[in-house]
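Asks: Below is one structure. I have some questions about it.
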Number of protein chains: 2
Amino acid sequence: MSAESSKQFLSRSTEDYLKTIYELQKSGEPAQTSSIADALRIAAPSVSGMVKKLSESGLVEHEPYRGVQLTGAGRRAALRMVRRHRVIETYLTTKLGYDWDSVHNEAERLEHAVTDELVERMAMALGNPRYDPHGAPIPTKDGVIEVPVYVPLAEVPVGELGELSRVSDRDPEQLRFLAELGLKPGVSFEVLARQPFRGPTTILIGEPAKEQVIGHELAESLLCSVAPREVG
Amino acid sequence: MSAESSKQFLSRSTEDYLKTIYELQKSGEPAQTSSIADALRIAAPSVSGMVKKLSESGLVEHEPYRGVQLTGAGRRAALRMVRRHRVIETYLTTKLGYDWDSVHNEAERLEHAVTDELVERMAMALGNPRYDPHGAPIPTKDGVIEVPVYVPLAEVPVGELGELSRVSDRDPEQLRFLAELGLKPGVSFEVLARQPFRGPTTILIGEPAKEQVIGHELAESLLCSVAPREVG
DNA sequence: ACTAAAATTTAGGCTGTCTTAAACCTTTGT
DNA sequence: ACAAAGGTTTAAGACAGCCTAAATTTTAGT
């Protein structure tokens, strides 16, 4: 209801800032200027300037030298972008045959050009999916997002059964590699062994069950649910 | 091969200028500054400035105070945008249930955000259609566009049989009205009567054949093929 | 506690695209 | 033939976003 809250049209760049701040700030702490700059591949002073504007529009709160937090309005706008991005990614893979490693860039451009109506039509055509192809939860139209609790594969104890639930959508190379190994969300596995000192993890996976060795770094980015599903 | 011709990335605004100039210049004569300004809803001096830049990039030829013409490269870029626009319009109506009166605006935004790959995937999914929902020809990937010869309904002689082939996609109001009357590309009709002094035309049309009276102005914007199809 | 390093902000500038006001050509009516 | 009208261009400036360099604040190590 405040004078600020009804600002309707956000610039492309504003949308990018809000989405980025949302991603950085998920863990709760304020987002740092330099993290935003890195994520957007922009110089830090540019971020300083833009953040001032965002905070004047009531989309973020900025304590100088401390960091940035989304306001209610900012969070809503950010989640709208996240929904767009994930619905688009799902649509492109499901309906237009995109590989899951190439959708990210396309979605990154389209999310700024699409109307709410198109997003809803795409979601409808897909049966209102709850997860995108990388396993990330899709916020609802009214900005509600599920926050499942996952364990990185690197931390699932040896002997445990689990299901791969989510992977990062950022690195196409990595995604292509995962696809080769059949490592996509929904796949079940058993942890057979793990070497100490940040060594690789061995899992049993796939239809003709097969052993797979996975390096520590990769195993840290694979988010899993452990066997007796406690998470909706 | 010239130094200019390899300029790869056109700004959103450049794309709009080229597409507009293409539309205005279809009839052959150079496009006027003021017509471009009107079409883009921009002040004339802005167009002057931009045209200078376009001509420095080798996309148009500009004879000051005379008008603008697309060069080969400019025409190619414009047709790429036209293809995008029309493929998108066709996709949205065919696959996502859009009405033909609401696709124009959506396409107008998307055409700048889409990659060539997405356009080709959409075209593929549609079976490489030759016409969009308004009956406009879709240029091929390599920039070939069909130029059918049509007659405005207002000029089809009384007694003649014809087929409605193309309508303008610009005015949603008009499109909704046409839809109500069942007047969409592909529909056949017979001209029953026409009043003089730019009066209305009466046609026989539809499955349960029905008489329809159409005002002169509207009849001028409905492009038809006359009965013994001479046009591919 | 104090200084060196790291992070952030301020200052000043650039580019792209738009604007209005004024100057400038071209066309056209008498 | 020439002046008014109309279209076009130049001039000057605004605004969004970006940049680098310099000044400032915070953090961290001794």
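By order in the structure tokens, chains are A, B, ...; within a chain, residues start at 1; ligands start at 1, following the order shown.
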Sort by chain and increasing residue number a table of all residues of chain D within 10 Å of chain B, each with its closest pair of atoms and their distance in Å to one decimal, counting only C-alpha atoms (C1' of nucleotides), and write it as CSV.
Replies:
```
residue,atom,partner,partner_atom,distance
D:DG7,C1',B:Ser34,CA,7.3
D:DT8,C1',B:Tyr65,CA,5.7
D:DT9,C1',B:Ser48,CA,6.9
D:DT10,C1',B:Pro45,CA,9.0
```
Asks: Could you save those same residues with N, CA and C atoms (P, O5', C5', C4', C3', O3' and C1' of nucleotides) as a short mmCIF file (atom, residue, chain, number, x, y, z; two decimals), in the first residue's frame?
Replies:
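And here's again_14.cif as it stands now:
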```cif
data_model
loop_
_atom_site.label_atom_id
_atom_site.label_comp_id
_atom_site.auth_asym_id
_atom_site.auth_seq_id
_atom_site.Cartn_x
_atom_site.Cartn_y
_atom_site.Cartn_z
P DG D 7 4.28 16.69 -42.46
"O5'" DG D 7 5.65 15.98 -42.85
"C5'" DG D 7 6.08 15.97 -44.21
"C4'" DG D 7 7.59 16.02 -44.25
"C3'" DG D 7 8.26 15.08 -43.25
"O3'" DG D 7 9.29 14.39 -43.96
"C1'" DG D 7 9.10 17.27 -42.97
P DT D 8 10.29 13.38 -43.22
"O5'" DT D 8 11.53 14.31 -42.85
"C5'" DT D 8 12.33 14.81 -43.92
"C4'" DT D 8 13.60 15.41 -43.36
"C3'" DT D 8 14.35 14.51 -42.39
"O3'" DT D 8 15.65 14.31 -42.93
"C1'" DT D 8 14.09 16.71 -41.49
P DT D 9 16.75 13.48 -42.21
"O5'" DT D 9 17.57 14.61 -41.44
"C5'" DT D 9 18.22 15.61 -42.21
"C4'" DT D 9 18.79 16.68 -41.29
"C3'" DT D 9 19.78 16.14 -40.26
"O3'" DT D 9 21.03 16.80 -40.48
"C1'" DT D 9 18.19 17.58 -39.24
P DT D 10 22.30 16.58 -39.56
"O5'" DT D 10 22.24 17.76 -38.49
"C5'" DT D 10 22.57 19.08 -38.90
"C4'" DT D 10 22.47 20.00 -37.70
"C3'" DT D 10 23.45 19.70 -36.57
"O3'" DT D 10 24.05 20.93 -36.21
"C1'" DT D 10 21.26 19.84 -35.73
#
```
Asks: Could you list, as a list in words, every residue of chain C that has an atom within 8 Å of an atom of chain A, counting only C-alpha atoms (C1' of nucleotides)?
Replies: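 Filtering chain C at 8 Å from chain A with only C-alpha atoms (C1' of nucleotides) gives DA7, DT8 and DT9 of chain C.
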Asks: Would you mind listing, as a list of chain:residue names, all residues of chain B that have at least one atom within 9 Å of chain A, where only C-alpha atoms are what counts?
Replies: B:Leu92, B:Lys95, B:Leu96, B:Gly97, B:Tyr98, B:Glu106, B:Arg109, B:Leu110, B:Glu111, B:His112, B:Ala113, B:Val114, B:Thr115, B:Leu118, B:Arg121, B:Met122, B:Ala125
Asks: Output the selection as a PDB file, in the first residue's frame - N, CA and C atoms for each residue.
Replies:
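In the end it all went to again37.pdb:
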```pdb
ATOM      1  N   LEU B  92       2.542 -19.573 -30.498  1.00  0.00           N
ATOM      2  CA  LEU B  92       1.704 -19.235 -29.348  1.00  0.00           C
ATOM      3  C   LEU B  92       0.234 -19.562 -29.597  1.00  0.00           C
ATOM      4  N   LYS B  95       0.187 -23.753 -30.136  1.00  0.00           N
ATOM      5  CA  LYS B  95       0.599 -24.638 -29.048  1.00  0.00           C
ATOM      6  C   LYS B  95       0.197 -24.164 -27.664  1.00  0.00           C
ATOM      7  N   LEU B  96      -0.074 -22.884 -27.517  1.00  0.00           N
ATOM      8  CA  LEU B  96      -0.364 -22.412 -26.170  1.00  0.00           C
ATOM      9  C   LEU B  96      -1.723 -21.728 -26.050  1.00  0.00           C
ATOM     10  N   GLY B  97      -2.551 -21.912 -27.059  1.00  0.00           N
ATOM     11  CA  GLY B  97      -3.934 -21.475 -26.936  1.00  0.00           C
ATOM     12  C   GLY B  97      -4.161 -19.977 -26.927  1.00  0.00           C
ATOM     13  N   TYR B  98      -3.207 -19.213 -27.431  1.00  0.00           N
ATOM     14  CA  TYR B  98      -3.432 -17.767 -27.507  1.00  0.00           C
ATOM     15  C   TYR B  98      -4.477 -17.453 -28.576  1.00  0.00           C
ATOM     16  N   GLU B 106       2.799 -10.078 -27.424  1.00  0.00           N
ATOM     17  CA  GLU B 106       3.723 -11.051 -26.835  1.00  0.00           C
ATOM     18  C   GLU B 106       4.893 -11.288 -27.787  1.00  0.00           C
ATOM     19  N   ARG B 109       7.647  -8.634 -27.943  1.00  0.00           N
ATOM     20  CA  ARG B 109       8.656  -8.651 -26.889  1.00  0.00           C
ATOM     21  C   ARG B 109       9.600  -9.827 -27.074  1.00  0.00           C
ATOM     22  N   LEU B 110       9.017 -10.982 -27.363  1.00  0.00           N
ATOM     23  CA  LEU B 110       9.832 -12.191 -27.431  1.00  0.00           C
ATOM     24  C   LEU B 110      10.823 -12.181 -28.585  1.00  0.00           C
ATOM     25  N   GLU B 111      10.457 -11.556 -29.686  1.00  0.00           N
ATOM     26  CA  GLU B 111      11.306 -11.623 -30.876  1.00  0.00           C
ATOM     27  C   GLU B 111      12.712 -11.080 -30.617  1.00  0.00           C
ATOM     28  N   HIS B 112      12.849 -10.266 -29.570  1.00  0.00           N
ATOM     29  CA  HIS B 112      14.180  -9.722 -29.264  1.00  0.00           C
ATOM     30  C   HIS B 112      14.974 -10.609 -28.301  1.00  0.00           C
ATOM     31  N   ALA B 113      14.294 -11.540 -27.673  1.00  0.00           N
ATOM     32  CA  ALA B 113      14.941 -12.302 -26.599  1.00  0.00           C
ATOM     33  C   ALA B 113      15.288 -13.725 -27.005  1.00  0.00           C
ATOM     34  N   VAL B 114      14.682 -14.140 -28.085  1.00  0.00           N
ATOM     35  CA  VAL B 114      14.758 -15.528 -28.524  1.00  0.00           C
ATOM     36  C   VAL B 114      16.073 -15.779 -29.266  1.00  0.00           C
ATOM     37  N   THR B 115      16.613 -16.990 -29.198  1.00  0.00           N
ATOM     38  CA  THR B 115      17.780 -17.310 -30.036  1.00  0.00           C
ATOM     39  C   THR B 115      17.301 -17.937 -31.343  1.00  0.00           C
ATOM     40  N   LEU B 118      15.975 -21.423 -30.787  1.00  0.00           N
ATOM     41  CA  LEU B 118      14.607 -21.575 -30.298  1.00  0.00           C
ATOM     42  C   LEU B 118      13.602 -21.375 -31.427  1.00  0.00           C
ATOM     43  N   ARG B 121      13.477 -24.442 -33.439  1.00  0.00           N
ATOM     44  CA  ARG B 121      12.780 -25.527 -32.734  1.00  0.00           C
ATOM     45  C   ARG B 121      11.272 -25.316 -32.752  1.00  0.00           C
ATOM     46  N   MET B 122      10.855 -24.068 -32.597  1.00  0.00           N
ATOM     47  CA  MET B 122       9.421 -23.803 -32.648  1.00  0.00           C
ATOM     48  C   MET B 122       8.889 -24.098 -34.047  1.00  0.00           C
ATOM     49  N   ALA B 125       8.609 -27.761 -34.535  1.00  0.00           N
ATOM     50  CA  ALA B 125       7.474 -28.326 -33.806  1.00  0.00           C
ATOM     51  C   ALA B 125       6.159 -28.050 -34.525  1.00  0.00           C
TER      52      ALA B 125
END
```
Asks: Near C:DC2, within 12 Å and counting only C-alpha atoms (C1' of nucleotides), which residues show up once chain neighbours fewer than 5 positions away are dropped, as a ChimeraX atom specification?
Replies: /D:28-30
Asks: Selected residues, N, CA and C atoms (P, O5', C5', C4', C3', O3' and C1' of nucleotides), written as a PDB file, in the first residue's frame, please.
Replies:
```
ATOM      1  P    DA D  28      37.422 -10.807   9.256  1.00  0.00           P
ATOM      2  O5'  DA D  28      39.018 -10.672   9.326  1.00  0.00           O
ATOM      3  C5'  DA D  28      39.744 -10.426   8.132  1.00  0.00           C
ATOM      4  C4'  DA D  28      41.226 -10.516   8.443  1.00  0.00           C
ATOM      5  C3'  DA D  28      41.568 -11.512   9.549  1.00  0.00           C
ATOM      6  O3'  DA D  28      42.889 -11.971   9.296  1.00  0.00           O
ATOM      7  C1'  DA D  28      42.149  -9.386  10.279  1.00  0.00           C
ATOM      8  P    DG D  29      43.470 -13.251  10.008  1.00  0.00           P
ATOM      9  O5'  DG D  29      45.046 -13.043   9.947  1.00  0.00           O
ATOM     10  C5'  DG D  29      45.616 -12.162   8.967  1.00  0.00           C
ATOM     11  C4'  DG D  29      46.857 -11.498   9.541  1.00  0.00           C
ATOM     12  C3'  DG D  29      47.620 -12.349  10.557  1.00  0.00           C
ATOM     13  O3'  DG D  29      49.003 -12.022  10.450  1.00  0.00           O
ATOM     14  C1'  DG D  29      46.875 -10.407  11.624  1.00  0.00           C
ATOM     15  P    DT D  30      50.116 -13.012  10.990  1.00  0.00           P
ATOM     16  O5'  DT D  30      50.808 -12.147  12.124  1.00  0.00           O
ATOM     17  C5'  DT D  30      51.635 -11.027  11.746  1.00  0.00           C
ATOM     18  C4'  DT D  30      51.720 -10.057  12.910  1.00  0.00           C
ATOM     19  C3'  DT D  30      52.437 -10.616  14.147  1.00  0.00           C
ATOM     20  O3'  DT D  30      53.571  -9.810  14.442  1.00  0.00           O
ATOM     21  C1'  DT D  30      50.451  -9.463  14.733  1.00  0.00           C
TER      22       DT D  30
END
```
Asks: Work out how far atom CA of B:Gly162 is from atom CA of B:Ser188, in Å to one decimal.
Replies: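 Atom-to-atom, atom CA of B:Ser188 and atom CA of B:Gly162 are spaced 5.7 Å apart.
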Asks: Per DSSP on the backbone, filter stretch 63-218 of chain A down to the residues in strand (DSSP E) and report them as a PDB file with C-alpha atoms, in the first residue's frame.
Replies:
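For reference, part-v8.pdb as written:
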```pdb
ATOM      1  CA  GLU A  63      23.138  -0.791   5.308  1.00  0.00           C
ATOM      2  CA  GLY A  67      25.104  -5.671   2.767  1.00  0.00           C
ATOM      3  CA  VAL A  68      21.744  -5.869   1.075  1.00  0.00           C
ATOM      4  CA  GLN A  69      18.512  -7.612   2.000  1.00  0.00           C
ATOM      5  CA  LEU A  70      15.343  -7.921  -0.014  1.00  0.00           C
ATOM      6  CA  VAL A 151      22.229 -33.573   1.820  1.00  0.00           C
ATOM      7  CA  PRO A 152      25.174 -33.261  -0.572  1.00  0.00           C
ATOM      8  CA  LEU A 161      20.296 -45.432   0.182  1.00  0.00           C
ATOM      9  CA  GLY A 162      19.334 -42.120  -1.375  1.00  0.00           C
ATOM     10  CA  GLU A 163      17.794 -40.320  -4.272  1.00  0.00           C
ATOM     11  CA  LEU A 164      19.453 -37.598  -6.303  1.00  0.00           C
ATOM     12  CA  SER A 165      17.154 -34.589  -5.986  1.00  0.00           C
ATOM     13  CA  ARG A 166      18.850 -31.528  -7.329  1.00  0.00           C
ATOM     14  CA  SER A 188      18.101 -43.710  -6.709  1.00  0.00           C
ATOM     15  CA  PHE A 189      21.493 -44.889  -5.548  1.00  0.00           C
ATOM     16  CA  GLU A 190      23.380 -46.607  -2.763  1.00  0.00           C
ATOM     17  CA  VAL A 191      26.606 -45.263  -1.339  1.00  0.00           C
ATOM     18  CA  LEU A 192      29.154 -48.062  -1.517  1.00  0.00           C
ATOM     19  CA  ALA A 193      32.334 -46.353  -0.374  1.00  0.00           C
ATOM     20  CA  ARG A 194      34.086 -43.080   0.168  1.00  0.00           C
ATOM     21  CA  THR A 201      32.529 -41.417  -3.447  1.00  0.00           C
ATOM     22  CA  THR A 202      31.491 -44.714  -5.043  1.00  0.00           C
ATOM     23  CA  ILE A 203      27.788 -45.312  -5.632  1.00  0.00           C
ATOM     24  CA  LEU A 204      25.644 -48.050  -7.120  1.00  0.00           C
ATOM     25  CA  ILE A 205      23.220 -46.571  -9.616  1.00  0.00           C
ATOM     26  CA  LYS A 210      26.469 -50.129 -12.012  1.00  0.00           C
ATOM     27  CA  GLU A 211      29.256 -48.768  -9.844  1.00  0.00           C
ATOM     28  CA  GLN A 212      30.123 -45.135 -10.386  1.00  0.00           C
ATOM     29  CA  VAL A 213      33.017 -43.206  -8.873  1.00  0.00           C
ATOM     30  CA  ILE A 214      32.384 -39.503  -8.306  1.00  0.00           C
TER      31      ILE A 214
END
```
Asks: Please identify all polymer residues within 12 Å of C:DT15, counting only C-alpha atoms (C1' of nucleotides), omitting same-chain residues fewer than 2 positions from it, and present them as a ChimeraX atom specification.
Replies: /C:13,17 /D:15-19
Asks: Contacts of D:DA11 at 10 Å or less, counting only C-alpha atoms (C1' of nucleotides), minus same-chain residues fewer than 2 places along, as a PyMOL selection string?
Replies: (chain C and resi 21-23) or (chain D and resi 9+13)
Asks: How many Å lie between atom CA of A:Leu178 and atom CA of A:Asp132, rounded to one decimal?
Replies: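 Distance between the two atoms: 16.1 Å.
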Asks: Enumerate as a PyMOL selection string all residues of stretch 1-229 of chain A assigned to alpha helix (DSSP H) by DSSP on the backbone, naming them with the chain letters and numbers the document uses.
Replies: chain A and resi 12-25+33-40+44-56+72-96+103-110+116-125+172-180+216-221
Asks: Report, in Å to a single decimal, how far apart atom CA of A:Gly135 and atom CA of A:Glu155 are.
Replies: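 Those two atoms sit 18.7 Å apart.
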